[in-house]
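Colleague: Got a structure for you, my_file-v2.txt, holding compact mmCIF, C-alpha atoms.
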```txt
# COMPACT_ATOMS: atom_id res chain seq x y z
CA MET A 1 -201.23 -65.71 60.05
CA GLN A 2 -197.97 -64.24 61.33
CA LYS A 3 -197.94 -60.49 61.89
CA GLU A 4 -195.45 -58.59 59.73
CA ALA A 5 -192.43 -57.23 61.64
CA PRO A 6 -192.65 -53.44 62.17
CA GLU A 7 -189.29 -53.06 60.38
CA LYS A 8 -190.78 -54.67 57.25
CA THR A 9 -193.94 -52.52 57.46
CA LEU A 10 -191.89 -49.33 57.65
CA GLU A 11 -189.53 -50.47 54.87
CA ASN A 12 -192.47 -51.30 52.58
CA PHE A 13 -194.04 -47.91 53.32
CA LEU A 14 -190.81 -46.09 52.41
CA HIS A 15 -190.22 -48.15 49.26
CA SER A 16 -193.80 -47.64 48.05
CA GLN A 17 -194.07 -43.94 48.87
CA ILE A 18 -190.56 -42.55 48.33
CA PRO A 19 -188.98 -44.00 45.14
CA LEU A 20 -185.48 -42.79 46.02
CA THR A 21 -185.40 -45.20 49.00
CA ARG A 22 -185.78 -48.09 46.53
CA ALA A 23 -183.01 -46.73 44.31
CA MET A 24 -180.80 -46.52 47.42
CA ASP A 25 -181.80 -50.07 48.47
CA LEU A 26 -182.56 -48.72 51.92
CA ARG A 27 -183.38 -51.23 54.68
CA VAL A 28 -184.92 -50.79 58.13
CA GLU A 29 -182.72 -52.81 60.48
CA SER A 30 -184.49 -51.81 63.67
CA CYS A 31 -187.37 -49.55 64.65
CA GLY A 32 -187.59 -49.43 68.39
CA PRO A 33 -188.11 -49.60 71.18
CA GLU A 34 -184.97 -47.53 71.81
CA THR A 35 -183.23 -46.96 68.48
CA LEU A 36 -184.13 -46.64 64.84
CA ILE A 37 -181.49 -48.00 62.47
CA LEU A 38 -181.51 -47.64 58.67
CA THR A 39 -178.94 -49.27 56.40
CA ALA A 40 -178.04 -49.05 52.71
CA PRO A 41 -175.32 -50.83 50.71
CA LEU A 42 -172.45 -48.81 49.22
CA GLU A 43 -172.99 -49.94 45.61
CA PRO A 44 -175.99 -47.73 44.65
CA ASN A 45 -174.80 -44.97 47.01
CA HIS A 46 -171.16 -44.40 46.10
CA ASN A 47 -169.55 -41.20 44.82
CA HIS A 48 -166.74 -40.63 42.29
CA LEU A 49 -164.16 -41.58 44.95
CA GLY A 50 -165.76 -44.95 45.70
CA THR A 51 -166.92 -43.88 49.17
CA ALA A 52 -170.47 -43.08 50.29
CA PHE A 53 -172.02 -40.13 48.44
CA GLY A 54 -172.79 -37.09 50.63
CA GLY A 55 -176.31 -36.92 49.21
CA SER A 56 -177.00 -40.51 50.27
CA LEU A 57 -175.57 -39.82 53.74
CA ALA A 58 -177.73 -36.70 54.19
CA THR A 59 -180.78 -38.61 52.95
CA MET A 60 -180.18 -41.56 55.30
CA ALA A 61 -179.72 -39.24 58.28
CA THR A 62 -182.82 -37.18 57.50
CA LEU A 63 -184.93 -40.33 57.03
CA ALA A 64 -183.62 -41.91 60.23
CA GLY A 65 -184.79 -38.88 62.22
CA TYR A 66 -188.10 -38.81 60.38
CA CYS A 67 -188.71 -42.53 60.94
CA ALA A 68 -187.70 -42.35 64.60
CA LEU A 69 -190.36 -39.72 65.26
CA TRP A 70 -192.91 -41.59 63.10
CA THR A 71 -192.24 -44.78 65.08
CA ALA A 72 -192.32 -43.03 68.47
CA LEU A 73 -195.61 -41.24 67.78
CA GLY A 74 -197.23 -44.37 66.31
CA ASP A 75 -200.14 -42.35 64.94
CA ARG A 76 -200.60 -42.34 61.17
CA ASN A 77 -202.84 -39.23 61.34
CA ILE A 78 -199.91 -37.07 62.41
CA HIS A 79 -197.90 -35.54 59.56
CA ILE A 80 -194.16 -35.14 60.11
CA VAL A 81 -191.95 -32.78 58.12
CA VAL A 82 -188.30 -31.81 58.45
CA ARG A 83 -187.90 -28.08 59.06
CA ARG A 84 -184.14 -27.63 59.15
CA SER A 85 -181.00 -29.67 59.73
CA SER A 86 -177.25 -29.50 59.99
CA ILE A 87 -174.76 -32.19 59.12
CA GLU A 88 -171.03 -32.71 59.62
CA TYR A 89 -169.04 -35.12 57.47
CA LEU A 90 -166.25 -36.25 59.79
CA ARG A 91 -164.83 -39.31 57.95
CA PRO A 92 -165.62 -41.04 54.66
CA VAL A 93 -167.90 -44.08 54.86
CA THR A 94 -166.25 -46.91 52.91
CA GLY A 95 -168.85 -49.68 53.20
CA GLU A 96 -172.49 -50.10 54.19
CA ILE A 97 -174.19 -46.89 55.39
CA ARG A 98 -175.75 -47.36 58.84
CA ALA A 99 -177.72 -44.45 60.34
CA THR A 100 -178.79 -44.64 63.99
CA CYS A 101 -181.26 -42.38 65.79
CA CYS A 102 -182.32 -42.72 69.43
CA LEU A 103 -186.09 -42.53 69.79
CA PRO A 104 -187.24 -39.55 71.89
CA SER A 105 -187.71 -40.24 75.62
CA GLU A 106 -191.21 -40.77 77.05
CA ASN A 107 -190.94 -37.36 78.76
CA LYS A 108 -190.15 -35.57 75.50
CA LEU A 109 -192.93 -37.44 73.71
CA GLN A 110 -195.48 -36.46 76.37
CA ARG A 111 -194.56 -32.78 76.01
CA LEU A 112 -194.69 -33.10 72.22
CA ARG A 113 -198.15 -34.72 72.31
CA LYS A 114 -199.43 -32.03 74.71
CA THR A 115 -198.23 -29.18 72.48
CA LEU A 116 -199.59 -30.99 69.44
CA SER A 117 -203.09 -31.34 70.95
CA THR A 118 -203.26 -27.69 72.10
CA ARG A 119 -201.55 -25.96 69.16
CA GLY A 120 -201.96 -28.47 66.33
CA LYS A 121 -198.22 -28.60 65.77
CA ALA A 122 -195.03 -29.25 67.74
CA ARG A 123 -191.28 -29.33 67.12
CA LEU A 124 -188.62 -31.83 68.13
CA THR A 125 -184.89 -31.97 67.51
CA LEU A 126 -183.37 -35.39 66.84
CA ASP A 127 -179.72 -36.40 66.45
CA VAL A 128 -178.55 -39.07 64.03
CA THR A 129 -175.14 -40.70 63.76
CA ILE A 130 -173.59 -42.68 60.93
CA SER A 131 -170.69 -44.77 62.23
CA GLU A 132 -168.36 -47.35 60.72
CA ASN A 133 -166.01 -49.70 62.57
CA GLY A 134 -166.67 -47.87 65.83
CA SER A 135 -165.83 -44.41 64.44
CA GLU A 136 -168.36 -41.63 63.97
CA CYS A 137 -168.40 -40.62 60.28
CA VAL A 138 -171.45 -38.34 60.07
CA ARG A 139 -173.13 -36.23 62.75
CA PHE A 140 -176.63 -34.91 61.98
CA SER A 141 -179.11 -32.85 63.91
CA GLY A 142 -182.58 -32.17 62.51
CA GLU A 143 -185.61 -30.21 63.64
CA PHE A 144 -188.82 -32.05 62.79
CA VAL A 145 -192.35 -30.71 62.99
CA ALA A 146 -195.35 -32.89 63.79
CA LEU A 147 -198.71 -31.60 62.50
CA LEU A 148 -202.24 -32.81 63.23
CA MET B 1 -166.38 -32.19 15.26
CA GLN B 2 -168.49 -30.08 17.61
CA LYS B 3 -167.21 -29.74 21.17
CA GLU B 4 -169.54 -31.10 23.84
CA ALA B 5 -171.27 -28.45 25.97
CA PRO B 6 -169.75 -28.17 29.48
CA GLU B 7 -173.21 -28.87 30.95
CA LYS B 8 -173.32 -32.23 29.14
CA THR B 9 -169.76 -33.09 30.21
CA LEU B 10 -170.57 -32.44 33.86
CA GLU B 11 -173.89 -34.30 33.63
CA ASN B 12 -172.19 -37.34 32.08
CA PHE B 13 -169.52 -37.27 34.78
CA LEU B 14 -172.16 -37.22 37.56
CA HIS B 15 -174.27 -39.96 35.93
CA SER B 16 -171.27 -42.23 35.38
CA GLN B 17 -169.62 -41.69 38.78
CA ILE B 18 -172.56 -41.20 41.19
CA PRO B 19 -175.38 -43.69 40.47
CA LEU B 20 -177.90 -41.84 42.63
CA THR B 21 -177.80 -38.88 40.21
CA ARG B 22 -179.09 -41.22 37.48
CA ALA B 23 -181.86 -42.54 39.73
CA MET B 24 -182.85 -38.92 40.43
CA ASP B 25 -182.70 -38.07 36.70
CA LEU B 26 -180.54 -35.06 37.58
CA ARG B 27 -179.74 -32.57 34.78
CA VAL B 28 -177.17 -29.78 34.55
CA GLU B 29 -179.05 -26.78 33.17
CA SER B 30 -176.19 -24.32 33.44
CA CYS B 31 -172.61 -24.40 34.67
CA GLY B 32 -171.24 -20.90 34.53
CA PRO B 33 -169.98 -18.39 34.04
CA GLU B 34 -171.98 -16.93 36.93
CA THR B 35 -174.40 -19.59 38.18
CA LEU B 36 -174.60 -23.35 38.39
CA ILE B 37 -178.11 -24.75 38.02
CA LEU B 38 -179.13 -28.38 38.55
CA THR B 39 -182.64 -29.69 37.91
CA ALA B 40 -184.50 -32.93 38.58
CA PRO B 41 -188.11 -33.92 37.82
CA LEU B 42 -190.52 -34.56 40.69
CA GLU B 43 -191.49 -38.10 39.64
CA PRO B 44 -188.41 -40.04 40.88
CA ASN B 45 -187.93 -37.54 43.74
CA HIS B 46 -191.31 -37.33 45.46
CA ASN B 47 -192.18 -38.21 49.04
CA HIS B 48 -195.31 -39.78 50.57
CA LEU B 49 -197.12 -36.42 50.30
CA GLY B 50 -196.45 -36.06 46.57
CA THR B 51 -194.04 -33.14 47.05
CA ALA B 52 -190.25 -33.19 46.67
CA PHE B 53 -188.51 -35.55 49.10
CA GLY B 54 -186.22 -33.85 51.67
CA GLY B 55 -183.43 -36.28 50.82
CA SER B 56 -183.57 -35.30 47.15
CA LEU B 57 -183.60 -31.60 48.07
CA ALA B 58 -180.56 -31.98 50.35
CA THR B 59 -178.77 -33.99 47.67
CA MET B 60 -179.51 -31.44 44.93
CA ALA B 61 -178.31 -28.56 47.12
CA THR B 62 -175.12 -30.35 48.18
CA LEU B 63 -174.32 -31.30 44.58
CA ALA B 64 -175.00 -27.78 43.30
CA GLY B 65 -172.42 -26.39 45.74
CA TYR B 66 -169.97 -29.15 44.88
CA CYS B 67 -170.39 -28.63 41.12
CA ALA B 68 -170.13 -24.84 41.41
CA LEU B 69 -166.73 -25.14 43.07
CA TRP B 70 -165.66 -27.89 40.64
CA THR B 71 -166.63 -25.66 37.71
CA ALA B 72 -165.01 -22.53 39.17
CA LEU B 73 -161.69 -24.26 39.91
CA GLY B 74 -161.62 -25.99 36.52
CA ASP B 75 -158.80 -28.28 37.64
CA ARG B 76 -159.50 -32.02 37.70
CA ASN B 77 -156.49 -32.67 39.98
CA ILE B 78 -158.16 -30.86 42.87
CA HIS B 79 -160.37 -33.03 45.06
CA ILE B 80 -163.45 -31.40 46.56
CA VAL B 81 -165.35 -32.73 49.56
CA VAL B 82 -168.24 -31.35 51.57
CA ARG B 83 -167.28 -30.82 55.22
CA ARG B 84 -170.54 -29.60 56.78
CA SER B 85 -173.81 -28.01 55.75
CA SER B 86 -177.06 -26.63 57.05
CA ILE B 87 -180.38 -26.58 55.28
CA GLU B 88 -183.76 -24.95 55.90
CA TYR B 89 -186.94 -26.28 54.32
CA LEU B 90 -189.12 -23.18 53.96
CA ARG B 91 -191.85 -24.36 51.59
CA PRO B 92 -192.67 -27.67 49.87
CA VAL B 93 -191.49 -28.02 46.26
CA THR B 94 -194.44 -29.26 44.18
CA GLY B 95 -192.83 -29.64 40.74
CA GLU B 96 -189.37 -29.78 39.19
CA ILE B 97 -186.51 -29.30 41.67
CA ARG B 98 -184.19 -26.47 40.56
CA ALA B 99 -181.07 -25.78 42.64
CA THR B 100 -179.06 -22.62 41.96
CA CYS B 101 -175.59 -21.77 43.27
CA CYS B 102 -173.64 -18.60 42.45
CA LEU B 103 -170.07 -19.42 41.46
CA PRO B 104 -167.50 -17.89 43.84
CA SER B 105 -166.16 -14.46 42.84
CA GLU B 106 -162.72 -14.14 41.21
CA ASN B 107 -161.41 -12.57 44.46
CA LYS B 108 -162.54 -15.52 46.57
CA LEU B 109 -161.17 -17.97 44.04
CA GLN B 110 -157.77 -16.26 44.03
CA ARG B 111 -157.59 -16.49 47.85
CA LEU B 112 -158.70 -20.12 47.71
CA ARG B 113 -156.04 -21.01 45.12
CA LYS B 114 -153.34 -19.24 47.15
CA THR B 115 -154.24 -21.11 50.36
CA LEU B 116 -154.48 -24.34 48.38
CA SER B 117 -150.98 -23.94 46.92
CA THR B 118 -149.35 -23.07 50.27
CA ARG B 119 -151.26 -25.44 52.58
CA GLY B 120 -152.51 -28.14 50.23
CA LYS B 121 -156.09 -27.51 51.25
CA ALA B 122 -158.58 -24.65 51.50
CA ARG B 123 -162.18 -24.12 52.57
CA LEU B 124 -165.03 -22.24 50.96
CA THR B 125 -168.64 -21.69 51.99
CA LEU B 126 -171.26 -21.70 49.23
CA ASP B 127 -174.98 -20.93 49.39
CA VAL B 128 -177.58 -22.76 47.33
CA THR B 129 -181.23 -21.90 46.82
CA ILE B 130 -184.09 -24.04 45.56
CA SER B 131 -186.95 -21.83 44.37
CA GLU B 132 -190.29 -22.44 42.70
CA ASN B 133 -192.58 -19.86 41.08
CA GLY B 134 -190.42 -17.06 42.45
CA SER B 135 -190.55 -18.26 46.07
CA GLU B 136 -187.57 -19.61 47.98
CA CYS B 137 -188.35 -23.18 49.13
CA VAL B 138 -184.96 -24.40 50.38
CA ARG B 139 -181.99 -22.46 51.74
CA PHE B 140 -178.67 -24.32 51.98
CA SER B 141 -175.20 -23.32 53.10
CA GLY B 142 -172.28 -25.72 52.76
CA GLU B 143 -168.60 -25.66 53.65
CA PHE B 144 -166.54 -27.35 50.97
CA VAL B 145 -162.88 -28.29 51.17
CA ALA B 146 -160.58 -28.35 48.15
CA LEU B 147 -157.56 -30.66 48.43
CA LEU B 148 -154.51 -30.98 46.19
```
If you convert what's in this file into structure tokens, what do you get?
Modeller:
Amino acid sequence: MQKEAPEKTLENFLHSQIPLTRAMDLRVESCGPETLILTAPLEPNHNHLGTAFGGSLATMATLAGYCALWTALGDRNIHIVVRRSSIEYLRPVTGEIRATCCLPSENKLQRLRKTLSTRGKARLTLDVTISENGSECVRFSGEFVALL
Amino acid sequence: MQKEAPEKTLENFLHSQIPLTRAMDLRVESCGPETLILTAPLEPNHNHLGTAFGGSLATMATLAGYCALWTALGDRNIHIVVRRSSIEYLRPVTGEIRATCCLPSENKLQRLRKTLSTRGKARLTLDVTISENGSECVRFSGEFVALL
């Protein structure tokens, strides 16, 4: 029996646990080893101007950071929550929404795991970008907390 | 014939123009004269922990700010876009999501309208709070731009 791709496993988890990701028709294009990429079509995510809705953009960026940390830690017993974030809307997105987050480096992950094992919780800041046709449209930075 | 309540007009506008607001089952509880309040039930907006999903919270807060400015300006020829925002998740929301934004004061609105008429665009920062049982759960601040 063929093993399910990790992208499909993550996508199924999101669709089954977070109903809004189904309504957005969110897809996991890639989850590792270096980048986490989420996509969503414009149709269920447009605003009154026909471009991507700010709420969908903020959601995609937040989830990309969340999923990048989830993928990097690879331990389902660790809870991850978003603590705070900031977002800049630089240009309208006129087609598919594509959110990219670089997975944390091995160094950062080691420090995170060490803090997590001694204190039971640890913080990490992750940056997410939504680009279209080579131009950055949305810039997001989020602080995530991992909890044992 | 009875005139439709402004809350219903705004809610219908959001549901018809921004499909995600329908998926979230978003309601306009109040739009003025002093506060704008949006609500959404937990069911379509929960996460994998059974509390309100961060994406739904960010979307509700962004829309509350947007709608507060839209309501305060009362001019459908003015475009409003969100330029940047920051959000803090202080406590999980365990039931209905309720986002409250104070409408800008008459002084601020007068300055905004003046800048808008001379420069064709003007910025305004608005704060939104999501509270539950008297405790603040989410604190949001957004910079919105009005364009002629």
Colleague: When you look at A:Thr51 with a cut-off of 8 Å (counting all atoms listed in the file), what residues show up, excluding the ones that are within fewer than 5 positions of it in the same chain? I need them as a list in words.
Modeller: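 Everything that qualifies: Leu42, His46, Pro92, Val93, Thr94 and Gly95 of chain A.
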Colleague: Using all atoms listed in the file, find all polymer residues with an atom at most 12 Å away from the point (-166.2, -41.1, 43.3); report them as a list in words.
Modeller: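 Result, sorted by chain then residue number: Leu42, Glu43, Pro44, Asn45, His46, Asn47, His48, Leu49, Gly50, Thr51, Ala52, Phe53, Gly54, Pro92 and Thr94 of chain A; Phe13, Leu14, His15, Ser16, Gln17, Ile18, Pro19, Leu20, His79, Ile80 and Val81 of chain B.
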Colleague: Just to be explicit: take each residue in the selection above, keep C-alpha atoms, and write the result as a compact mmCIF listing (two decimals), in the frame of the given file.
Modeller:
```
# COMPACT_ATOMS: atom_id res chain seq x y z
CA LEU A 42 -172.45 -48.81 49.22
CA GLU A 43 -172.99 -49.94 45.61
CA PRO A 44 -175.99 -47.73 44.65
CA ASN A 45 -174.80 -44.97 47.01
CA HIS A 46 -171.16 -44.40 46.10
CA ASN A 47 -169.55 -41.20 44.82
CA HIS A 48 -166.74 -40.63 42.29
CA LEU A 49 -164.16 -41.58 44.95
CA GLY A 50 -165.76 -44.95 45.70
CA THR A 51 -166.92 -43.88 49.17
CA ALA A 52 -170.47 -43.08 50.29
CA PHE A 53 -172.02 -40.13 48.44
CA GLY A 54 -172.79 -37.09 50.63
CA PRO A 92 -165.62 -41.04 54.66
CA THR A 94 -166.25 -46.91 52.91
CA PHE B 13 -169.52 -37.27 34.78
CA LEU B 14 -172.16 -37.22 37.56
CA HIS B 15 -174.27 -39.96 35.93
CA SER B 16 -171.27 -42.23 35.38
CA GLN B 17 -169.62 -41.69 38.78
CA ILE B 18 -172.56 -41.20 41.19
CA PRO B 19 -175.38 -43.69 40.47
CA LEU B 20 -177.90 -41.84 42.63
CA HIS B 79 -160.37 -33.03 45.06
CA ILE B 80 -163.45 -31.40 46.56
CA VAL B 81 -165.35 -32.73 49.56
```
Colleague: Measuring atom to atom with only C-alpha atoms, identify which of A:Ser105, A:Ser30, A:Ser86, A:Thr115 is nearest to chain B.
Modeller: A:Ser86
Colleague: Under the rule that all atoms listed in the file are counted, which of B:Cys102, B:Leu57, B:Leu26, B:Leu38 is the nearest residue to chain A?
Modeller: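 For chain A, the nearest of the given residues is B:Leu57.
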Colleague: If you measure from atom CA of A:Val82 to atom CA of B:Gly142, what distance in Å do you get, rounded to one decimal?
Modeller: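 These two atoms are separated by 18.1 Å.
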Colleague: With all atoms listed in the file as the basis for distance, which of A:Thr100, A:Thr71, A:Thr35, A:Ser141 is at the shortest distance from chain B?
Modeller: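 Comparing A:Thr100, A:Thr71, A:Thr35, A:Ser141 against chain B, the winner is A:Ser141.
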Colleague: Would you compute the distance between atom CA of B:Arg84 and atom CA of A:Cys137? Give it in Å to one decimal.
Modeller: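 Value for the atom CA of B:Arg84-atom CA of A:Cys137 distance: 11.8 Å.
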Colleague: Counting only C-alpha atoms, select every polymer residue within 12 Å of (-183.3, -52.8, 64.5) as defined in the file's coordinates, and provide the selection as a PDB file with C-alpha atoms, in the coordinates of the input.
Modeller:
```
ATOM      1  CA  ALA A   5    -192.430 -57.230  61.640  1.00  0.00           C
ATOM      2  CA  PRO A   6    -192.650 -53.440  62.170  1.00  0.00           C
ATOM      3  CA  GLU A   7    -189.290 -53.060  60.380  1.00  0.00           C
ATOM      4  CA  LYS A   8    -190.780 -54.670  57.250  1.00  0.00           C
ATOM      5  CA  LEU A  10    -191.890 -49.330  57.650  1.00  0.00           C
ATOM      6  CA  GLU A  11    -189.530 -50.470  54.870  1.00  0.00           C
ATOM      7  CA  ARG A  27    -183.380 -51.230  54.680  1.00  0.00           C
ATOM      8  CA  VAL A  28    -184.920 -50.790  58.130  1.00  0.00           C
ATOM      9  CA  GLU A  29    -182.720 -52.810  60.480  1.00  0.00           C
ATOM     10  CA  SER A  30    -184.490 -51.810  63.670  1.00  0.00           C
ATOM     11  CA  CYS A  31    -187.370 -49.550  64.650  1.00  0.00           C
ATOM     12  CA  GLY A  32    -187.590 -49.430  68.390  1.00  0.00           C
ATOM     13  CA  PRO A  33    -188.110 -49.600  71.180  1.00  0.00           C
ATOM     14  CA  GLU A  34    -184.970 -47.530  71.810  1.00  0.00           C
ATOM     15  CA  THR A  35    -183.230 -46.960  68.480  1.00  0.00           C
ATOM     16  CA  LEU A  36    -184.130 -46.640  64.840  1.00  0.00           C
ATOM     17  CA  ILE A  37    -181.490 -48.000  62.470  1.00  0.00           C
ATOM     18  CA  LEU A  38    -181.510 -47.640  58.670  1.00  0.00           C
ATOM     19  CA  THR A  39    -178.940 -49.270  56.400  1.00  0.00           C
ATOM     20  CA  ALA A  64    -183.620 -41.910  60.230  1.00  0.00           C
ATOM     21  CA  ALA A  68    -187.700 -42.350  64.600  1.00  0.00           C
ATOM     22  CA  ARG A  98    -175.750 -47.360  58.840  1.00  0.00           C
ATOM     23  CA  ALA A  99    -177.720 -44.450  60.340  1.00  0.00           C
ATOM     24  CA  THR A 100    -178.790 -44.640  63.990  1.00  0.00           C
ATOM     25  CA  CYS A 101    -181.260 -42.380  65.790  1.00  0.00           C
ATOM     26  CA  CYS A 102    -182.320 -42.720  69.430  1.00  0.00           C
ATOM     27  CA  LEU A 103    -186.090 -42.530  69.790  1.00  0.00           C
TER      28      LEU A 103
END
```
Colleague: Within 9 Å of A:Gly55, counting only C-alpha atoms, which residues show up once you throw out same-chain ones fewer than 4 positions away? Write them as an mmCIF file with C-alpha atoms, in the frame of the given file, please.
Modeller:
```cif
data_model
loop_
_atom_site.group_PDB
_atom_site.id
_atom_site.type_symbol
_atom_site.label_atom_id
_atom_site.label_comp_id
_atom_site.auth_asym_id
_atom_site.auth_seq_id
_atom_site.Cartn_x
_atom_site.Cartn_y
_atom_site.Cartn_z
ATOM 1 C CA ASN A 45 -174.800 -44.970 47.010
ATOM 2 C CA THR A 59 -180.780 -38.610 52.950
ATOM 3 C CA MET A 60 -180.180 -41.560 55.300
ATOM 4 C CA LEU B 20 -177.900 -41.840 42.630
ATOM 5 C CA GLY B 55 -183.430 -36.280 50.820
ATOM 6 C CA SER B 56 -183.570 -35.300 47.150
ATOM 7 C CA ALA B 58 -180.560 -31.980 50.350
ATOM 8 C CA THR B 59 -178.770 -33.990 47.670
ATOM 9 C CA MET B 60 -179.510 -31.440 44.930
ATOM 10 C CA ALA B 61 -178.310 -28.560 47.120
ATOM 11 C CA THR B 62 -175.120 -30.350 48.180
ATOM 12 C CA LEU B 63 -174.320 -31.300 44.580
#
```
Colleague: What is the atom CA of A:Glu96 to atom CA of A:Ala40 distance in Å?
Modeller: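 Result for atom CA of A:Glu96 versus atom CA of A:Ala40: 5.8 Å, one decimal.
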Colleague: Excluding A:Lys108 and any residue of its chain fewer than 5 positions from it, enumerate the residues within 12 Å of it, using only C-alpha atoms, and give them as a ChimeraX atom specification.
Modeller: /A:69,72-73,103,113-115,122-126
Colleague: May I have the centre and edge lengths, in Å to one decimal, of an axis-aligned box around the listed atoms of stretch 101-118 of chain A with 4 Å added to every side, as AutoDock Vina command-line options?
Modeller:
```
--center_x -192.3 --center_y -35.2 --center_z 72.3 --size_x 30.0 --size_y 23.0 --size_z 21.0
```
Colleague: Would you kindly return, as a PDB file with C-alpha atoms, in the coordinates of the input, each protein, DNA or RNA residue with an atom no farther than 6 Å from any atom of B:Ile87, considering all atoms listed in the file and excluding same-chain residues fewer than 2 positions away?
Modeller:
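File result33.pdb, as written:
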```pdb
ATOM      1  CA  ARG A  84    -184.140 -27.630  59.150  1.00  0.00           C
ATOM      2  CA  SER A  85    -181.000 -29.670  59.730  1.00  0.00           C
TER       3      SER A  85
ATOM      4  CA  ARG B 139    -181.990 -22.460  51.740  1.00  0.00           C
ATOM      5  CA  PHE B 140    -178.670 -24.320  51.980  1.00  0.00           C
TER       6      PHE B 140
END
```
Colleague: Just checking: using only C-alpha atoms, which residue out of A:Thr118, A:Thr129, A:Ser135, A:Thr21 ends up closest to chain B?
Modeller: A:Thr21
Colleague: Under the rule that all atoms listed in the file are counted, which of B:Leu112, B:Arg119, B:Val138, B:Gly74 is the nearest residue to chain A?
Modeller: B:Val138
Colleague: Looking at B:Glu4, B:Glu88, B:Asp25, B:Glu143, which one is nearest to chain A, with distances taken over all atoms listed in the file?
Modeller: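 Smallest distance to chain A is found for B:Glu88.
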Colleague: When you get a chance, write out N, CA, C and O atoms for stretch 31-43 of chain B, as a compact mmCIF listing (two decimals), keeping the file's coordinate frame.
Modeller:
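Output (result.txt):
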```txt
# COMPACT_ATOMS: atom_id res chain seq x y z
N CYS B 31 -173.79 -24.38 33.78
CA CYS B 31 -172.61 -24.40 34.67
C CYS B 31 -171.69 -23.25 34.27
O CYS B 31 -170.67 -23.41 33.64
N GLY B 32 -172.06 -22.07 34.70
CA GLY B 32 -171.24 -20.90 34.53
C GLY B 32 -171.73 -20.00 33.42
O GLY B 32 -172.71 -20.34 32.77
N PRO B 33 -171.13 -18.83 33.24
CA PRO B 33 -169.98 -18.39 34.04
C PRO B 33 -170.37 -17.86 35.43
O PRO B 33 -169.52 -17.80 36.30
N GLU B 34 -171.64 -17.53 35.63
CA GLU B 34 -171.98 -16.93 36.93
C GLU B 34 -172.73 -17.84 37.87
O GLU B 34 -172.58 -17.76 39.08
N THR B 35 -173.61 -18.70 37.32
CA THR B 35 -174.40 -19.59 38.18
C THR B 35 -174.34 -21.04 37.70
O THR B 35 -174.16 -21.29 36.50
N LEU B 36 -174.51 -21.92 38.66
CA LEU B 36 -174.60 -23.35 38.39
C LEU B 36 -176.02 -23.75 38.73
O LEU B 36 -176.48 -23.49 39.85
N ILE B 37 -176.72 -24.36 37.78
CA ILE B 37 -178.11 -24.75 38.02
C ILE B 37 -178.29 -26.23 37.73
O ILE B 37 -177.98 -26.70 36.63
N LEU B 38 -178.79 -26.96 38.72
CA LEU B 38 -179.13 -28.38 38.55
C LEU B 38 -180.64 -28.51 38.63
O LEU B 38 -181.29 -27.82 39.41
N THR B 39 -181.20 -29.43 37.83
CA THR B 39 -182.64 -29.69 37.91
C THR B 39 -182.88 -31.19 38.03
O THR B 39 -182.03 -32.01 37.68
N ALA B 40 -184.06 -31.53 38.53
CA ALA B 40 -184.50 -32.93 38.58
C ALA B 40 -186.03 -32.93 38.60
O ALA B 40 -186.65 -32.09 39.26
N PRO B 41 -186.64 -33.86 37.84
CA PRO B 41 -188.11 -33.92 37.82
C PRO B 41 -188.65 -34.44 39.15
O PRO B 41 -187.94 -35.12 39.90
N LEU B 42 -189.91 -34.13 39.43
CA LEU B 42 -190.52 -34.56 40.69
C LEU B 42 -190.69 -36.08 40.77
O LEU B 42 -190.49 -36.68 41.82
N GLU B 43 -191.05 -36.69 39.63
CA GLU B 43 -191.49 -38.10 39.64
C GLU B 43 -190.56 -39.04 40.42
O GLU B 43 -191.02 -39.70 41.34
```
